[in-house]
file entry39.csv (CSV, C-alpha atoms (C1' of nucleotides))
chain,number,residue,atom,x,y,z
B,242,MET,CA,18.0,33.8,11.2
B,243,ARG,CA,17.3,30.7,9.2
B,244,VAL,CA,18.2,30.5,5.5
B,245,SER,CA,16.8,27.3,3.9
B,246,GLN,CA,18.1,26.6,0.5
B,247,PRO,CA,15.3,25.9,-2.0
B,248,LEU,CA,15.2,22.3,-3.0
B,249,SER,CA,14.0,20.8,-6.3
B,250,PRO,CA,10.3,20.3,-5.8
B,251,LEU,CA,8.7,16.9,-5.4
B,252,THR,CA,7.3,17.4,-8.8
B,253,ALA,CA,10.7,17.5,-10.4
B,254,HIS,CA,10.9,13.7,-10.2
B,255,LEU,CA,9.3,11.5,-12.8
B,256,GLY,CA,8.8,9.0,-10.0
B,257,TYR,CA,6.4,11.5,-8.5
B,258,TRP,CA,4.2,11.7,-11.6
B,259,MET,CA,4.4,7.9,-12.1
B,260,ARG,CA,3.3,7.3,-8.5
B,261,LEU,CA,0.5,9.8,-8.8
B,262,VAL,CA,-0.9,8.3,-12.0
B,263,SER,CA,-0.3,4.7,-11.0
B,264,ASN,CA,-2.0,5.1,-7.6
B,265,HIS,CA,-5.1,6.5,-9.3
B,266,VAL,CA,-5.2,3.8,-11.9
B,267,SER,CA,-4.9,1.2,-9.2
B,268,HIS,CA,-7.5,2.8,-6.9
B,269,GLY,CA,-9.8,3.2,-9.8
B,270,PHE,CA,-9.5,-0.5,-10.5
B,271,ALA,CA,-9.8,-1.3,-6.8
B,272,ARG,CA,-13.1,0.6,-6.7
B,273,LYS,CA,-14.5,-1.3,-9.6
B,274,LEU,CA,-13.4,-4.6,-8.2
B,275,ALA,CA,-14.9,-3.8,-4.8
B,276,ASP,CA,-18.4,-3.9,-6.3
B,277,ARG,CA,-17.7,-7.6,-6.9
B,278,ASP,CA,-16.1,-8.0,-3.5
B,279,VAL,CA,-12.6,-8.6,-4.8
B,280,THR,CA,-9.4,-6.8,-4.1
B,281,VAL,CA,-6.6,-6.1,-6.6
B,282,ALA,CA,-4.4,-8.8,-5.0
B,283,GLU,CA,-7.2,-11.3,-5.2
B,284,TRP,CA,-7.8,-10.4,-8.8
B,285,VAL,CA,-4.1,-11.0,-9.7
B,286,VAL,CA,-4.2,-14.4,-8.0
B,287,LEU,CA,-7.4,-15.3,-9.8
B,288,ARG,CA,-6.1,-14.1,-13.2
B,289,GLN,CA,-2.8,-16.0,-12.6
B,290,LEU,CA,-4.6,-19.2,-11.8
B,291,TYR,CA,-6.9,-18.8,-14.7
B,292,ASP,CA,-3.9,-19.4,-17.0
B,293,GLU,CA,-1.8,-21.6,-14.8
B,294,ASP,CA,-4.6,-23.9,-13.8
B,295,ALA,CA,-2.8,-25.0,-10.6
B,296,LEU,CA,0.1,-23.4,-8.7
B,297,ALA,CA,1.9,-24.0,-5.4
B,298,PRO,CA,1.5,-21.1,-2.9
B,299,SER,CA,5.2,-20.6,-2.8
B,300,ARG,CA,5.4,-20.2,-6.6
B,301,LEU,CA,2.6,-17.7,-6.4
B,302,ALA,CA,4.5,-15.8,-3.7
B,303,GLU,CA,7.6,-15.5,-5.9
B,304,ARG,CA,5.5,-14.6,-8.9
B,305,LEU,CA,3.7,-11.8,-7.0
B,306,GLY,CA,6.7,-10.7,-4.9
B,307,MET,CA,4.7,-11.3,-1.7
B,308,THR,CA,5.6,-13.3,1.3
B,309,ARG,CA,4.3,-16.8,1.8
B,310,GLY,CA,2.4,-15.6,4.8
B,311,ALA,CA,0.5,-13.1,2.7
B,312,ILE,CA,-0.4,-15.9,0.2
B,313,THR,CA,-1.7,-18.1,3.0
B,314,LYS,CA,-4.0,-15.3,4.1
B,315,LEU,CA,-5.0,-14.4,0.6
B,316,ALA,CA,-5.8,-18.1,-0.2
B,317,ASP,CA,-7.8,-18.2,3.1
B,318,ARG,CA,-9.9,-15.3,1.9
B,319,LEU,CA,-10.4,-16.7,-1.6
B,320,THR,CA,-11.3,-20.2,-0.4
B,321,ALA,CA,-13.8,-18.5,2.1
B,322,LYS,CA,-15.4,-16.9,-1.0
B,323,ALA,CA,-15.4,-20.3,-2.7
B,324,LEU,CA,-13.3,-19.0,-5.6
B,325,LEU,CA,-10.2,-21.1,-4.9
B,326,MET,CA,-9.4,-24.6,-3.7
B,327,ARG,CA,-6.4,-26.0,-1.8
B,328,THR,CA,-5.4,-29.6,-2.6
B,329,ASP,CA,-2.7,-31.4,-0.8
B,330,HIS,CA,0.1,-32.7,-2.9
B,331,PRO,CA,-0.1,-36.5,-3.2
B,332,ASP,CA,3.6,-37.2,-2.9
B,333,ASP,CA,4.9,-34.3,-0.9
B,334,GLY,CA,3.3,-34.0,2.5
B,335,ARG,CA,4.3,-30.4,2.9
B,336,ALA,CA,3.1,-29.1,-0.4
B,337,GLN,CA,-0.2,-27.9,-1.7
B,338,THR,CA,-1.6,-26.8,-4.9
B,339,LEU,CA,-4.0,-23.9,-5.5
B,340,ALA,CA,-6.6,-24.0,-8.2
B,341,LEU,CA,-9.7,-22.0,-9.1
B,342,THR,CA,-13.1,-23.4,-8.3
B,343,LYS,CA,-15.7,-23.5,-11.0
B,344,GLN,CA,-17.1,-20.2,-9.7
B,345,GLY,CA,-13.7,-18.7,-9.6
B,346,ARG,CA,-13.1,-19.6,-13.2
B,347,ARG,CA,-16.4,-18.3,-14.1
B,348,LEU,CA,-15.7,-15.0,-12.4
B,349,VAL,CA,-12.4,-14.1,-14.0
B,350,PRO,CA,-13.7,-13.1,-17.5
B,351,THR,CA,-16.1,-10.6,-16.0
B,352,LEU,CA,-13.4,-9.1,-13.9
B,353,ALA,CA,-11.2,-9.0,-16.9
B,354,VAL,CA,-13.7,-6.7,-18.5
B,355,LEU,CA,-13.4,-4.3,-15.6
B,356,ALA,CA,-9.6,-4.4,-16.0
B,357,ASP,CA,-10.0,-3.5,-19.7
B,358,GLU,CA,-12.4,-0.7,-19.0
B,359,ASN,CA,-10.1,0.7,-16.3
B,360,ASP,CA,-7.1,0.7,-18.5
B,361,ALA,CA,-9.1,2.3,-21.3
B,362,ALA,CA,-10.3,5.0,-18.9
B,363,PHE,CA,-6.8,6.1,-18.2
B,364,PHE,CA,-4.9,5.3,-21.4
B,365,GLY,CA,-7.6,5.1,-24.0
B,366,HIS,CA,-7.3,8.6,-25.2
B,367,PHE,CA,-3.8,8.1,-26.4
B,368,THR,CA,-3.2,7.0,-29.9
B,369,PRO,CA,-2.0,3.5,-30.5
B,370,ASP,CA,1.3,5.0,-31.4
B,371,GLU,CA,1.6,6.9,-28.2
B,372,ARG,CA,0.5,3.9,-26.2
B,373,SER,CA,3.2,1.7,-27.6
B,374,ARG,CA,5.8,4.4,-27.0
B,375,ILE,CA,4.7,4.6,-23.3
B,376,GLU,CA,4.9,0.8,-23.1
B,377,GLN,CA,8.4,0.9,-24.6
B,378,PHE,CA,9.5,3.4,-22.0
B,379,LEU,CA,8.1,1.3,-19.2
B,380,LYS,CA,9.5,-2.0,-20.5
B,381,ALA,CA,12.9,-0.4,-20.9
B,382,ILE,CA,12.9,0.3,-17.2
B,383,VAL,CA,11.6,-3.2,-16.4
B,384,ASP,CA,14.4,-4.8,-18.5
B,385,ARG,CA,17.1,-2.6,-17.3
B,386,HIS,CA,16.3,-3.4,-13.6
B,387,GLY,CA,15.3,-6.9,-14.2
B,388,LEU,CA,11.9,-6.5,-12.7
B,389,THR,CA,9.9,-9.7,-12.9
B,390,ASP,CA,7.2,-9.8,-10.2
B,391,VAL,CA,3.6,-9.2,-11.0
B,392,PRO,CA,2.7,-5.9,-9.2
B,393,VAL,CA,-0.1,-6.4,-6.7
B,394,SER,CA,-0.5,-3.3,-4.6
T,271,MET,CA,-15.2,-30.6,-20.6
T,272,ARG,CA,-14.2,-27.1,-19.8
T,273,VAL,CA,-13.4,-24.6,-22.5
T,274,SER,CA,-12.0,-21.4,-21.1
T,275,GLN,CA,-11.7,-18.6,-23.5
T,276,PRO,CA,-8.2,-17.0,-23.5
T,277,LEU,CA,-8.3,-13.5,-22.1
T,278,SER,CA,-6.0,-10.7,-22.8
T,279,PRO,CA,-3.0,-11.1,-20.5
T,280,LEU,CA,-2.4,-8.9,-17.5
T,281,THR,CA,0.5,-7.5,-19.4
T,282,ALA,CA,-1.7,-6.1,-22.1
T,283,HIS,CA,-2.6,-3.2,-19.9
T,284,LEU,CA,-0.4,-0.1,-19.6
T,285,GLY,CA,-1.6,0.1,-16.0
T,286,TYR,CA,0.2,-3.2,-15.3
T,287,TRP,CA,3.5,-1.9,-16.5
T,288,MET,CA,3.0,1.4,-14.7
T,289,ARG,CA,2.2,-0.3,-11.4
T,290,LEU,CA,5.2,-2.6,-11.8
T,291,VAL,CA,7.6,0.2,-12.4
T,292,SER,CA,6.0,2.6,-9.9
T,293,ASN,CA,6.1,0.0,-7.2
T,294,HIS,CA,9.7,-0.6,-7.7
T,295,VAL,CA,10.6,3.1,-7.8
T,296,SER,CA,8.7,3.6,-4.6
T,297,HIS,CA,10.1,0.6,-2.8
T,298,GLY,CA,13.6,1.5,-3.9
T,299,PHE,CA,13.1,4.9,-2.4
T,300,ALA,CA,11.5,3.4,0.7
T,301,ARG,CA,14.6,1.3,1.2
T,302,LYS,CA,16.9,4.3,1.0
T,303,LEU,CA,14.7,6.2,3.4
T,304,ALA,CA,14.5,3.3,5.8
T,305,ASP,CA,18.3,3.7,6.5
T,306,ARG,CA,17.3,7.1,7.9
T,307,ASP,CA,14.3,5.7,9.7
T,308,VAL,CA,11.8,7.6,7.6
T,309,THR,CA,8.9,6.3,5.5
T,310,VAL,CA,7.8,7.6,2.2
T,311,ALA,CA,4.7,9.2,3.7
T,312,GLU,CA,6.8,10.8,6.4
T,313,TRP,CA,9.1,12.1,3.7
T,314,VAL,CA,6.3,13.7,1.8
T,315,VAL,CA,5.1,15.4,4.9
T,316,LEU,CA,8.5,16.7,5.8
T,317,ARG,CA,9.1,17.9,2.3
T,318,GLN,CA,5.8,19.6,2.2
T,319,LEU,CA,6.4,21.4,5.4
T,320,TYR,CA,9.8,22.4,4.3
T,321,ASP,CA,8.2,24.7,1.8
T,322,GLU,CA,5.0,25.6,3.6
T,323,ASP,CA,6.6,26.3,6.9
T,324,ALA,CA,3.4,25.6,8.8
T,325,LEU,CA,0.2,23.8,7.9
T,326,ALA,CA,-2.9,22.6,9.5
T,327,PRO,CA,-3.3,18.8,9.7
T,328,SER,CA,-6.6,18.9,7.8
T,329,ARG,CA,-4.9,20.9,5.0
T,330,LEU,CA,-2.2,18.3,4.9
T,331,ALA,CA,-4.8,15.5,4.7
T,332,GLU,CA,-6.4,17.2,1.7
T,333,ARG,CA,-3.0,17.8,0.1
T,334,LEU,CA,-1.9,14.1,0.4
T,335,GLY,CA,-5.3,12.5,-0.2
T,336,MET,CA,-5.2,10.9,3.2
T,337,THR,CA,-7.7,10.8,6.0
T,338,ARG,CA,-7.3,13.1,9.0
T,339,GLY,CA,-6.9,10.1,11.2
T,340,ALA,CA,-3.9,9.0,9.2
T,341,ILE,CA,-2.4,12.4,9.6
T,342,THR,CA,-2.9,12.3,13.3
T,343,LYS,CA,-0.9,9.1,13.5
T,344,LEU,CA,1.8,10.3,11.0
T,345,ALA,CA,2.2,13.5,13.1
T,346,ASP,CA,2.4,11.4,16.2
T,347,ARG,CA,5.3,9.4,14.7
T,348,LEU,CA,7.1,12.5,13.4
T,349,THR,CA,6.8,14.3,16.7
T,350,ALA,CA,8.1,11.2,18.5
T,351,LYS,CA,11.1,11.4,16.3
T,352,ALA,CA,11.4,15.1,17.1
T,353,LEU,CA,11.1,16.1,13.5
T,354,LEU,CA,7.8,17.9,13.8
T,355,MET,CA,6.0,20.2,16.3
T,356,ARG,CA,2.4,20.7,16.9
T,357,THR,CA,1.3,24.1,18.0
T,358,ASP,CA,-2.2,25.0,19.2
T,359,HIS,CA,-3.9,27.7,17.3
T,360,PRO,CA,-4.0,30.9,19.4
T,361,ASP,CA,-7.6,31.9,18.4
T,362,ASP,CA,-9.2,28.6,17.4
T,363,GLY,CA,-9.3,26.1,20.2
T,364,ARG,CA,-9.8,23.2,17.8
T,365,ALA,CA,-7.1,23.9,15.3
T,366,GLN,CA,-3.4,23.1,15.3
T,367,THR,CA,-0.6,23.9,13.1
T,368,LEU,CA,2.3,21.6,12.1
T,369,ALA,CA,5.8,22.7,11.5
T,370,LEU,CA,9.2,21.2,11.3
T,371,THR,CA,11.6,21.3,14.2
T,372,LYS,CA,15.1,22.5,13.6
T,373,GLN,CA,16.2,18.8,13.3
T,374,GLY,CA,13.4,18.2,10.8
T,375,ARG,CA,14.4,21.1,8.7
T,376,ARG,CA,18.0,20.0,8.8
T,377,LEU,CA,17.1,16.5,7.7
T,378,VAL,CA,15.1,17.3,4.6
T,379,PRO,CA,17.9,18.3,2.3
T,380,THR,CA,19.8,15.0,2.9
T,381,LEU,CA,16.6,13.1,2.2
T,382,ALA,CA,16.1,15.2,-0.9
T,383,VAL,CA,19.5,13.8,-2.2
T,384,LEU,CA,18.1,10.3,-1.8
T,385,ALA,CA,15.0,11.2,-3.7
T,386,ASP,CA,17.2,12.6,-6.5
T,387,GLU,CA,19.4,9.6,-6.6
T,388,ASN,CA,16.4,7.2,-6.7
T,389,ASP,CA,14.8,9.1,-9.5
T,390,ALA,CA,18.1,9.1,-11.4
T,391,ALA,CA,18.5,5.3,-10.8
T,392,PHE,CA,15.3,4.6,-12.6
T,393,PHE,CA,15.0,7.4,-15.2
T,394,GLY,CA,18.5,8.7,-15.5
T,395,HIS,CA,19.4,6.6,-18.5
T,396,PHE,CA,16.7,8.3,-20.6
T,397,THR,CA,17.7,11.3,-22.6
T,398,PRO,CA,16.3,14.7,-21.5
T,399,ASP,CA,14.1,14.6,-24.5
T,400,GLU,CA,12.7,11.2,-23.6
T,401,ARG,CA,12.2,12.2,-20.0
T,402,SER,CA,10.2,15.3,-21.0
T,403,ARG,CA,8.1,13.1,-23.2
T,404,ILE,CA,7.3,10.7,-20.4
T,405,GLU,CA,6.5,13.6,-18.2
T,406,GLN,CA,4.1,15.0,-20.9
T,407,PHE,CA,2.4,11.6,-21.1
T,408,LEU,CA,1.9,11.4,-17.3
T,409,LYS,CA,0.8,15.0,-17.0
T,410,ALA,CA,-1.7,14.6,-19.7
T,411,ILE,CA,-3.3,11.9,-17.7
T,412,VAL,CA,-3.1,14.0,-14.5
T,413,ASP,CA,-4.8,16.9,-16.3
T,414,ARG,CA,-7.4,14.9,-18.0
T,415,HIS,CA,-8.5,13.3,-14.7
T,416,GLY,CA,-7.9,16.3,-12.5
T,417,LEU,CA,-5.6,14.5,-10.2
T,418,THR,CA,-4.3,16.8,-7.5
T,419,ASP,CA,-3.2,14.9,-4.4
T,420,VAL,CA,0.4,14.3,-3.7
T,421,PRO,CA,0.9,10.6,-4.0
T,422,VAL,CA,2.1,9.0,-0.8
T,423,SER,CA,2.0,5.2,-0.9
C,17,DC,C1',18.7,-46.0,9.0
C,18,DC,C1',19.3,-41.4,11.3
C,19,DT,C1',20.5,-37.0,11.7
C,20,DC,C1',21.2,-32.4,9.9
C,21,DG,C1',19.9,-29.0,7.0
C,22,DT,C1',16.2,-27.3,3.9
C,23,DT,C1',11.6,-26.4,2.2
C,24,DT,C1',6.5,-25.8,2.9
C,25,DG,C1',2.9,-23.7,4.7
C,26,DT,C1',1.0,-21.5,9.1
C,27,DT,C1',0.9,-18.4,12.9
C,28,DG,C1',1.4,-14.3,15.9
C,29,DA,C1',3.1,-9.8,16.7
C,30,DC,C1',3.4,-5.6,14.4
C,31,DT,C1',2.7,-1.7,11.0
C,32,DA,C1',0.3,1.8,8.2
C,33,DG,C1',-3.7,3.1,6.5
C,34,DG,C1',-9.3,3.7,5.9
C,35,DA,C1',-14.1,4.4,7.9
C,36,DA,C1',-16.8,6.0,11.1
C,37,DA,C1',-18.0,7.3,15.8
C,38,DC,C1',-16.7,10.7,19.0
C,39,DT,C1',-15.2,15.2,21.6
C,40,DA,C1',-14.5,19.8,21.8
C,41,DG,C1',-14.8,24.2,20.0
C,42,DA,C1',-16.7,27.6,16.7
C,43,DT,C1',-20.5,29.7,14.1
C,44,DC,C1',-24.8,30.9,12.8
C,45,DA,C1',-29.9,31.7,13.0
C,46,DT,C1',-33.1,33.0,15.4
F,45,DA,C1',-28.3,34.1,24.5
F,46,DT,C1',-28.9,29.6,23.0
F,47,DG,C1',-29.7,25.5,20.4
F,48,DA,C1',-28.4,23.5,15.9
F,49,DT,C1',-25.0,22.6,12.9
F,50,DC,C1',-20.5,22.4,11.3
F,51,DT,C1',-15.4,21.8,11.7
F,52,DA,C1',-10.8,20.0,13.7
F,53,DG,C1',-8.6,16.6,15.5
F,54,DT,C1',-8.6,12.0,17.9
F,55,DT,C1',-9.9,7.3,18.7
F,56,DT,C1',-11.5,2.7,17.8
F,57,DC,C1',-12.0,-1.1,15.0
F,58,DC,C1',-10.9,-3.2,10.8
F,59,DT,C1',-8.0,-4.8,6.7
F,60,DA,C1',-4.0,-6.4,4.3
F,61,DG,C1',0.4,-6.6,4.3
F,62,DT,C1',5.6,-7.8,6.5
F,63,DC,C1',8.7,-10.3,9.5
F,64,DA,C1',10.3,-13.9,12.1
F,65,DA,C1',9.4,-18.0,14.7
F,66,DC,C1',7.6,-22.4,14.1
F,67,DA,C1',6.1,-27.5,13.0
F,68,DA,C1',6.0,-31.0,9.7
F,69,DA,C1',7.9,-33.3,6.0
F,70,DC,C1',11.5,-34.1,2.8
F,71,DG,C1',16.3,-35.3,1.2
F,72,DA,C1',21.3,-36.1,1.4
F,73,DG,C1',25.6,-37.8,3.7
F,74,DG,C1',27.6,-40.8,6.8
call {"tool": "encode", "arguments": {"input": "entry39.csv", "output": "structure tokens"}}
result
Amino acid sequence: MRVSQPLSPLTAHLGYWMRLVSNHVSHGFARKLADRDVTVAEWVVLRQLYDEDALAPSRLAERLGMTRGAITKLADRLTAKALLMRTDHPDDGRAQTLALTKQGRRLVPTLAVLADENDAAFFGHFTPDERSRIEQFLKAIVDRHGLTDVPVS
Amino acid sequence: MRVSQPLSPLTAHLGYWMRLVSNHVSHGFARKLADRDVTVAEWVVLRQLYDEDALAPSRLAERLGMTRGAITKLADRLTAKALLMRTDHPDDGRAQTLALTKQGRRLVPTLAVLADENDAAFFGHFTPDERSRIEQFLKAIVDRHGLTDVPVS
DNA sequence: CCTCGTTTGTTGACTAGGAAACTAGATCAT
DNA sequence: ATGATCTAGTTTCCTAGTCAACAAACGAGG
């Protein structure tokens, strides 16, 4: 005879609901980006370089919480699409610097529209007050745990 | 001369903060599970079968929003670890049914403790009132978009 | 100098999943 | 009965990451 004690259900955890919603927000965005042949990780890199203008791969890796190996491959893909350029550092023979191409720079604003739309689709029905409360909750966790990387997946 | 209009920052989106927090909650949990040689997806399957007792792979796939191919491989891994058993359906030659082994069943409660701890680590500092408000927000989105799958990644 | 340790980016082996083709078995319509 | 269609699970190929080993270049101490 087996008696299994009942456990608190998966749904008892806030993490469960967060992950559920977050996954759908991300996948929704990923689907929109896919029309433009861009992944979420690629979008984050593009958006980052739009502001930064030029950045070393290793800095980018820290920023996004990814390995340098992943950045190498990401950069490969983006240069293959002619959205990004590698330049060797003039003084340091090891280092490179990544920057958007003209096309890359031109693409970012249109993708930003998709990002705005996606966020609105999921959070737009909340009042501004509710939205800022949610943001407070989330930022409280971010602060408390010292989370700094830009989420990519 | 290039004039690039400033865009709303990544951080303007609630989706950004959700993904940041959610990723860390998941990865935190994944790290705890890794000590027991279990992945998050495996945990979800184990937990699901703990309640269900037996389930067809295809039902599981629907439940978790994964492909049947992924379930095949997941089940392979779990049977290799002797946590799960496949049984052929007596009447239907195509069908199987998945169930936990004794060891699998024994493992789930200890993993459930990890899940509880992880959730507490990230959300425990909120008051019960705040927590239920967060849950309301999240469930509102879930309802509005009809999200039903158990999030795995 | 020159050597030792460090940093930079790349590579190869591996993992977990998706998409779609595939096999085998069931069901259904004649 | 039997051919067509559908369903269940598997397999193959692909993608996008990690991890760890690596080569090249730098920098600091003797």
call {"tool": "atom_distance", "arguments": {"input": "entry39.csv", "atom1": "CA of Val378 (chain T)", "atom2": "CA of Ser402 (chain T)"}}
result
26.1 Å
call {"tool": "interface_residues", "arguments": {"input": "entry39.csv", "of": "chain B", "to": "chain C", "cutoff": "12 Å", "atoms": "all atoms listed in the file", "output": "PyMOL selection string"}}
result
chain B and resi 297-300+302+308-314+316-317+327+329-330+333-338
call {"tool": "atom_distance", "arguments": {"input": "entry39.csv", "atom1": "CA of Val354 (chain B)", "atom2": "CA of Leu325 (chain B)"}}
result
20.1 Å
call {"tool": "atom_distance", "arguments": {"input": "entry39.csv", "atom1": "CA of Pro279 (chain T)", "atom2": "CA of Ala323 (chain B)"}}
result
23.6 Å
call {"tool": "interface_residues", "arguments": {"input": "entry39.csv", "of": "chain F", "to": "chain T", "cutoff": "10 Å", "atoms": "only C-alpha atoms (C1' of nucleotides)", "output": "short mmCIF file (atom, residue, chain, number, x, y, z; two decimals) with C-alpha atoms (C1' of nucleotides), in the frame of the given file"}}
result
data_model
loop_
_atom_site.label_atom_id
_atom_site.label_comp_id
_atom_site.auth_asym_id
_atom_site.auth_seq_id
_atom_site.Cartn_x
_atom_site.Cartn_y
_atom_site.Cartn_z
"C1'" DT F 51 -15.40 21.80 11.70
"C1'" DA F 52 -10.80 20.00 13.70
"C1'" DG F 53 -8.60 16.60 15.50
"C1'" DT F 54 -8.60 12.00 17.90
"C1'" DT F 55 -9.90 7.30 18.70
#
call {"tool": "interface_residues", "arguments": {"input": "entry39.csv", "of": "chain B", "to": "chain T", "cutoff": "9 Å", "atoms": "only C-alpha atoms", "output": "ChimeraX atom specification"}}
result
/B:245-251,254-267,285,288-289,291-292,346-347,350,353,356-357,359-361,363-364,367,371-373,375-376,378-380,382-383,385-386,388-394
call {"tool": "build_atoms", "arguments": {"input": "entry39.csv", "residues": "region 335-346 of chain T", "atoms": "N, CA, C and O atoms", "output": "JSON list (two decimals), in the coordinates of the input"}}
result
[["chain", "number", "residue", "atom", "x", "y", "z"],
["T", 335, "GLY", "N", -4.23, 13.52, 0.10],
["T", 335, "GLY", "CA", -5.30, 12.50, -0.20],
["T", 335, "GLY", "C", -5.36, 11.47, 0.88],
["T", 335, "GLY", "O", -5.67, 10.32, 0.59],
["T", 336, "MET", "N", -5.07, 11.85, 2.13],
["T", 336, "MET", "CA", -5.20, 10.90, 3.20],
["T", 336, "MET", "C", -6.29, 11.34, 4.17],
["T", 336, "MET", "O", -6.73, 12.48, 4.10],
["T", 337, "THR", "N", -6.70, 10.44, 5.05],
["T", 337, "THR", "CA", -7.70, 10.80, 6.00],
["T", 337, "THR", "C", -7.04, 11.64, 7.15],
["T", 337, "THR", "O", -5.83, 11.55, 7.35],
["T", 338, "ARG", "N", -7.84, 12.38, 7.89],
["T", 338, "ARG", "CA", -7.30, 13.10, 9.00],
["T", 338, "ARG", "C", -6.75, 12.18, 10.07],
["T", 338, "ARG", "O", -5.74, 12.48, 10.73],
["T", 339, "GLY", "N", -7.42, 11.05, 10.22],
["T", 339, "GLY", "CA", -6.90, 10.10, 11.20],
["T", 339, "GLY", "C", -5.50, 9.62, 10.87],
["T", 339, "GLY", "O", -4.66, 9.52, 11.76],
["T", 340, "ALA", "N", -5.25, 9.39, 9.60],
["T", 340, "ALA", "CA", -3.90, 9.00, 9.20],
["T", 340, "ALA", "C", -2.88, 10.08, 9.51],
["T", 340, "ALA", "O", -1.77, 9.79, 9.95],
["T", 341, "ILE", "N", -3.29, 11.33, 9.30],
["T", 341, "ILE", "CA", -2.40, 12.40, 9.60],
["T", 341, "ILE", "C", -2.08, 12.54, 11.05],
["T", 341, "ILE", "O", -0.93, 12.77, 11.45],
["T", 342, "THR", "N", -3.11, 12.34, 11.87],
["T", 342, "THR", "CA", -2.90, 12.30, 13.30],
["T", 342, "THR", "C", -1.75, 11.37, 13.67],
["T", 342, "THR", "O", -0.81, 11.70, 14.40],
["T", 343, "LYS", "N", -1.85, 10.15, 13.12],
["T", 343, "LYS", "CA", -0.90, 9.10, 13.50],
["T", 343, "LYS", "C", 0.51, 9.44, 12.88],
["T", 343, "LYS", "O", 1.54, 9.27, 13.53],
["T", 344, "LEU", "N", 0.50, 9.92, 11.65],
["T", 344, "LEU", "CA", 1.80, 10.30, 11.00],
["T", 344, "LEU", "C", 2.44, 11.41, 11.86],
["T", 344, "LEU", "O", 3.65, 11.34, 12.14],
["T", 345, "ALA", "N", 1.65, 12.39, 12.27],
["T", 345, "ALA", "CA", 2.20, 13.50, 13.10],
["T", 345, "ALA", "C", 2.71, 12.96, 14.42],
["T", 345, "ALA", "O", 3.76, 13.40, 14.91],
["T", 346, "ASP", "N", 1.97, 12.01, 14.99],
["T", 346, "ASP", "CA", 2.40, 11.40, 16.20],
["T", 346, "ASP", "C", 3.84, 10.81, 16.05],
["T", 346, "ASP", "O", 4.73, 11.04, 16.86]]
